[in-house]
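Student: So that we are looking at the same thing, I have put the structure below in structure tokens.
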Amino acid sequence: MRINKYIAQAGIASRRKADELIANGNVKINGAVMKEPGYDVAEGDRVEVNGRLLESRGKAEYVLVNKPLGMVTTVSDDRDRLTVMEIVKDIDARLFPVGRLDYNTSGALIMTNDGDMAYRLTHPKHEVYKTYRARVAGVLSNEKVARLRKGVDIGGFVTSRAKVNVIKGNQHSTIVEISIHEGKNRQVRKMFAAVGNPVQELERIAIGDIRLGHLRPGHYRKLTRDEIEYLKKC
């Protein structure tokens with residue numbers, strides 16, 4: 001297997017980033033620095049990236065997780081909080097989360113050991129839409145919906161066009177679905193705050209065409225072959 005693909009499949013980086021690591025001398029094969037991007041990793045080779053020994057990953061795994069509230073989207077946490085790794089601990093593969101969900105945001109999260117897939121899903125140029133269902137404070141007027149759809153300033157950054165659909169509401173709160181393809185920190189919360197309707201509850205219900213459905217919080221399911229192929233074409 002070509003060295004950049006091996007590194008990507010270990011979940012370290014995309015193949016493009018792996019090539020940079022190789023060129024910069026950050027990769028060793030059997031103790032020697034390897035700068036040949038076309039090197040094929042043989043069985044028994046010891047591959048190190050930045051001093052970390054990689055293990056052969058085996059087959060690629062792709063799962064959809066329903067992250068509950070009060071859990072962090074990281075592989076480990078220095079504050080000893082529960083991480084999403086707890087949900088997939090019975091899977092015999094080194095998975096990692098693709099992107100992040102806030103501590104106080106629940107919902108759909110893809111986890112995999114495919115570095116190339118993770119890169120494609122998180123890079124803004126690929127415009128993979130993520131859909132959220134939010135409960136926001138107060139009435140979300142037509143004028144505010146239009147502003148959200150056009151793009152709002154969330155503090156030095158103007159968001160791209162969003163898809164916004166009001167489900168129901170009253171004078172106290174509004175249920176709304178919003179789809180964005182960017183991934184700025186706490187972006188959805190900042191967008192609603194910018195129009196004067198702070199988020200009270202937030203759940204991600206879909207990543208592209210892959211929907212959370214009836215998957216229970218704290219559980220996962222493996223993606224279907226069609227879903228995997230769909231993501232690879234994004």
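Residue numbering restarts at 1 for every chain of the structure tokens, chains are lettered A, B, ... in their displayed order, and ligands are numbered from 1 as they appear.
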Mind checking DSSP for segment 128-196 of chain A and telling me the strand (DSSP E or B) residues as a list in words?
Tutor: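 DSSP-assigned strand (DSSP E or B) residues in segment 128-196 of chain A: Lys130, Thr131, Tyr132, Arg133, Ala134, Arg135, Val136, Ala137, Asp153, Val158, Lys163, Val164, Asn165, Val166, Ile167, Lys168, Gly169, Ser173, Thr174, Ile175, Val176, Glu177, Ile178, Ser179 and Ile180 of chain A.
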Student: For segment 69-79 of chain A, work out the shell of residues within 8 Å, counting only C-alpha atoms and skipping chain neighbours fewer than 6 positions away, then give it as a list in words.
Tutor: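 My reading of the contact set: Met85, Phe96, Pro97, Arg100, Leu101, Asp102, Tyr103, Asn104, Thr105 and Ser106 of chain A.
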Student: Go ahead and write the selection's residues with N, CA, C and O atoms as an mmCIF file, in the first residue's frame.
Tutor:
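Result went into part_25.cif, see below:
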```cif
data_model
loop_
_atom_site.group_PDB
_atom_site.id
_atom_site.type_symbol
_atom_site.label_atom_id
_atom_site.label_comp_id
_atom_site.auth_asym_id
_atom_site.auth_seq_id
_atom_site.Cartn_x
_atom_site.Cartn_y
_atom_site.Cartn_z
ATOM 1 N N MET A 85 -15.878 8.484 22.151
ATOM 2 C CA MET A 85 -15.212 7.186 22.026
ATOM 3 C C MET A 85 -15.911 6.131 22.871
ATOM 4 O O MET A 85 -15.846 4.932 22.575
ATOM 5 N N PHE A 96 -12.183 7.846 14.808
ATOM 6 C CA PHE A 96 -12.106 9.215 15.297
ATOM 7 C C PHE A 96 -13.282 9.994 14.734
ATOM 8 O O PHE A 96 -13.821 9.656 13.669
ATOM 9 N N PRO A 97 -13.731 11.024 15.446
ATOM 10 C CA PRO A 97 -14.885 11.799 14.978
ATOM 11 C C PRO A 97 -14.527 12.696 13.803
ATOM 12 O O PRO A 97 -13.436 13.261 13.749
ATOM 13 N N ARG A 100 -16.840 18.278 14.675
ATOM 14 C CA ARG A 100 -17.182 18.342 16.091
ATOM 15 C C ARG A 100 -18.620 18.786 16.298
ATOM 16 O O ARG A 100 -19.205 19.428 15.438
ATOM 17 N N LEU A 101 -19.144 18.410 17.443
ATOM 18 C CA LEU A 101 -20.405 18.946 17.940
ATOM 19 C C LEU A 101 -20.132 19.505 19.328
ATOM 20 O O LEU A 101 -19.407 18.892 20.113
ATOM 21 N N ASP A 102 -20.711 20.648 19.630
ATOM 22 C CA ASP A 102 -20.511 21.261 20.936
ATOM 23 C C ASP A 102 -20.965 20.344 22.065
ATOM 24 O O ASP A 102 -21.816 19.476 21.880
ATOM 25 N N TYR A 103 -20.427 20.589 23.231
ATOM 26 C CA TYR A 103 -20.800 19.846 24.444
ATOM 27 C C TYR A 103 -22.312 19.873 24.656
ATOM 28 O O TYR A 103 -22.922 18.875 25.044
ATOM 29 N N ASN A 104 -22.938 21.018 24.370
ATOM 30 C CA ASN A 104 -24.377 21.190 24.588
ATOM 31 C C ASN A 104 -25.206 21.015 23.320
ATOM 32 O O ASN A 104 -26.359 21.453 23.270
ATOM 33 N N THR A 105 -24.616 20.402 22.298
ATOM 34 C CA THR A 105 -25.336 20.096 21.063
ATOM 35 C C THR A 105 -25.348 18.586 20.876
ATOM 36 O O THR A 105 -24.326 17.924 21.063
ATOM 37 N N SER A 106 -26.498 18.057 20.528
ATOM 38 C CA SER A 106 -26.621 16.610 20.329
ATOM 39 C C SER A 106 -26.772 16.296 18.838
ATOM 40 O O SER A 106 -26.887 17.197 18.006
#
```
Student: Please produce, as JSON lines, a per-residue contact table for segment 40-70 of chain A versus segment 216-227 of chain A (criterion: any atom at most 7 Å away, only C-alpha atoms considered), showing the nearest atom pair and its distance in Å to one decimal, sorted by chain then residue number.
Tutor:
```
{"residue": "A:Tyr62", "atom": "CA", "partner": "A:Leu223", "partner_atom": "CA", "distance": 5.7}
{"residue": "A:Val63", "atom": "CA", "partner": "A:Lys222", "partner_atom": "CA", "distance": 4.2}
{"residue": "A:Leu64", "atom": "CA", "partner": "A:Arg221", "partner_atom": "CA", "distance": 5.4}
{"residue": "A:Val65", "atom": "CA", "partner": "A:Tyr220", "partner_atom": "CA", "distance": 4.3}
{"residue": "A:Asn66", "atom": "CA", "partner": "A:Pro217", "partner_atom": "CA", "distance": 4.9}
{"residue": "A:Lys67", "atom": "CA", "partner": "A:Gly218", "partner_atom": "CA", "distance": 5.7}
{"residue": "A:Pro68", "atom": "CA", "partner": "A:Pro217", "partner_atom": "CA", "distance": 5.1}
```
Student: Would you put the residues from that selection into a file with N, CA and C atoms, as an mmCIF file, in the first residue's frame?
Tutor:
```cif
data_model
loop_
_atom_site.group_PDB
_atom_site.id
_atom_site.type_symbol
_atom_site.label_atom_id
_atom_site.label_comp_id
_atom_site.auth_asym_id
_atom_site.auth_seq_id
_atom_site.Cartn_x
_atom_site.Cartn_y
_atom_site.Cartn_z
ATOM 1 N N TYR A 62 -17.116 2.907 8.991
ATOM 2 C CA TYR A 62 -17.880 4.157 8.936
ATOM 3 C C TYR A 62 -19.142 3.974 9.763
ATOM 4 N N VAL A 63 -19.303 4.802 10.796
ATOM 5 C CA VAL A 63 -20.493 4.685 11.636
ATOM 6 C C VAL A 63 -21.119 6.056 11.845
ATOM 7 N N LEU A 64 -22.420 6.041 12.083
ATOM 8 C CA LEU A 64 -23.159 7.240 12.443
ATOM 9 C C LEU A 64 -23.502 7.145 13.918
ATOM 10 N N VAL A 65 -23.120 8.166 14.671
ATOM 11 C CA VAL A 65 -23.346 8.222 16.111
ATOM 12 C C VAL A 65 -24.392 9.284 16.415
ATOM 13 N N ASN A 66 -25.238 9.021 17.404
ATOM 14 C CA ASN A 66 -26.120 10.061 17.933
ATOM 15 C C ASN A 66 -25.502 10.544 19.235
ATOM 16 N N LYS A 67 -24.755 11.641 19.139
ATOM 17 C CA LYS A 67 -24.061 12.170 20.319
ATOM 18 C C LYS A 67 -25.064 12.800 21.280
ATOM 19 N N PRO A 68 -25.084 12.350 22.515
ATOM 20 C CA PRO A 68 -25.976 12.974 23.497
ATOM 21 C C PRO A 68 -25.384 14.266 24.056
#
```
Student: Excluding same-chain residues fewer than 6 positions from segment 147-154 of chain A, what lies within 9 Å of it counting only C-alpha atoms, as an MDAnalysis selection string?
Tutor: chainID A and resid 160:164 178 187 190:195
Student: Hey, can you spit out that residue selection with C-alpha atoms as a compact mmCIF listing (two decimals), in the first residue's frame?
Tutor:
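Generated file (part.txt):
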```
# COMPACT_ATOMS: atom_id res chain seq x y z
CA SER A 160 -22.66 31.70 3.33
CA ARG A 161 -26.23 31.22 2.22
CA ALA A 162 -28.18 28.86 4.46
CA LYS A 163 -31.30 26.80 4.01
CA VAL A 164 -33.85 27.78 6.67
CA ILE A 178 -31.22 25.19 9.25
CA GLN A 187 -21.73 28.78 14.02
CA LYS A 190 -23.87 32.58 16.60
CA MET A 191 -26.13 32.94 13.55
CA PHE A 192 -29.32 32.91 15.59
CA ALA A 193 -27.78 35.19 18.20
CA ALA A 194 -26.92 37.63 15.40
CA VAL A 195 -30.62 38.01 14.53
```
Student: Skip Lys130 of chain A itself and residues of its chain fewer than 4 positions away, then list as a list in words all residues within 8 Å of it, counting only C-alpha atoms.
Tutor: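 Close residues of Lys130 of chain A: Ser179, Ile180, His181, Arg204, Ile205, Ala206, Ile207 and Gly208 of chain A.
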Student: With distances taken over only C-alpha atoms, which residue among A:Gly138, A:Cys234, A:Ile12, A:Ile175 lies nearest Arg94 of chain A?
Tutor: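 Counting only C-alpha atoms, the residue closest to Arg94 of chain A is A:Ile12.
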Student: Would you mind listing what lies within 7 Å of Glu48 of chain A as a VMD selection string, with only C-alpha atoms counted and same-chain residues fewer than 5 positions away left out?
Tutor: chain A and resid 27 to 29 53 to 54
Student: For those residues, write all heavy atoms to a file as a tab-separated table (two decimals), in the first residue's frame.
Tutor:
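Saved file out-v1.tsv follows:
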```tsv
chain	number	residue	atom	x	y	z
A	27	VAL	N	8.08	11.42	8.60
A	27	VAL	CA	7.69	10.01	8.51
A	27	VAL	C	8.94	9.13	8.48
A	27	VAL	O	9.90	9.42	7.76
A	27	VAL	CB	6.85	9.75	7.25
A	27	VAL	CG1	6.51	8.27	7.11
A	27	VAL	CG2	5.58	10.60	7.28
A	28	LYS	N	8.91	8.08	9.29
A	28	LYS	CA	10.01	7.12	9.31
A	28	LYS	C	9.47	5.73	8.97
A	28	LYS	O	8.38	5.36	9.40
A	28	LYS	CB	10.69	7.08	10.68
A	28	LYS	CG	11.48	8.32	11.03
A	28	LYS	CD	12.19	8.15	12.38
A	28	LYS	CE	13.01	9.37	12.73
A	28	LYS	NZ	13.72	9.19	14.03
A	29	ILE	N	10.27	4.99	8.22
A	29	ILE	CA	9.98	3.58	7.93
A	29	ILE	C	11.12	2.75	8.52
A	29	ILE	O	12.29	2.94	8.15
A	29	ILE	CB	9.89	3.30	6.41
A	29	ILE	CG1	8.87	4.23	5.75
A	29	ILE	CG2	9.54	1.83	6.16
A	29	ILE	CD1	7.44	3.98	6.14
A	53	LEU	N	4.10	5.44	16.42
A	53	LEU	CA	4.06	4.21	15.65
A	53	LEU	C	2.63	3.93	15.22
A	53	LEU	O	1.71	3.88	16.03
A	53	LEU	CB	4.60	3.03	16.48
A	53	LEU	CG	4.60	1.66	15.80
A	53	LEU	CD1	5.53	1.65	14.60
A	53	LEU	CD2	5.01	0.58	16.80
A	54	LEU	N	2.45	3.74	13.91
A	54	LEU	CA	1.12	3.47	13.38
A	54	LEU	C	0.88	1.97	13.30
A	54	LEU	O	1.81	1.19	13.07
A	54	LEU	CB	0.95	4.07	11.98
A	54	LEU	CG	1.26	5.56	11.82
A	54	LEU	CD1	0.83	6.02	10.44
A	54	LEU	CD2	0.56	6.37	12.90
```
Student: Which residues are near segment 43-46 of chain A? Cut-off 12 Å, only C-alpha atoms, ignore same chain within fewer than 4 positions. Put them as a ChimeraX atom specification.
Tutor: /A:1,3,6-7,27-34,39,51-56
Student: Between A:Ile87, A:Ala118, A:Met111, A:Leu202, which has the minimum distance to Tyr132 of chain A (counting only C-alpha atoms)?
Tutor: A:Leu202
Student: Select from segment 47-164 of chain A everything DSSP, run on the backbone, classes as alpha helix (DSSP H), then give the selection as a list in words.
Tutor: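 Assigned to alpha helix (DSSP H), within segment 47-164 of chain A: Gly115, Asp116, Met117, Ala118, Tyr119, Arg120, Leu121, Thr122, Asn142, Glu143, Lys144, Val145, Ala146, Arg147, Leu148, Arg149 and Lys150 of chain A.
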Student: Determine the nearest neighbour of Arg15 of chain A from the options A:Ala93, A:Leu140, A:Val49, A:Met117, counting only C-alpha atoms.
Tutor: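 Smallest distance to Arg15 of chain A is found for A:Met117.
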Student: In Å, how far is it from atom CA of Arg135 of chain A to atom CA of Gly213 of chain A?
Tutor: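 These atoms are spaced 18.3 Å apart.
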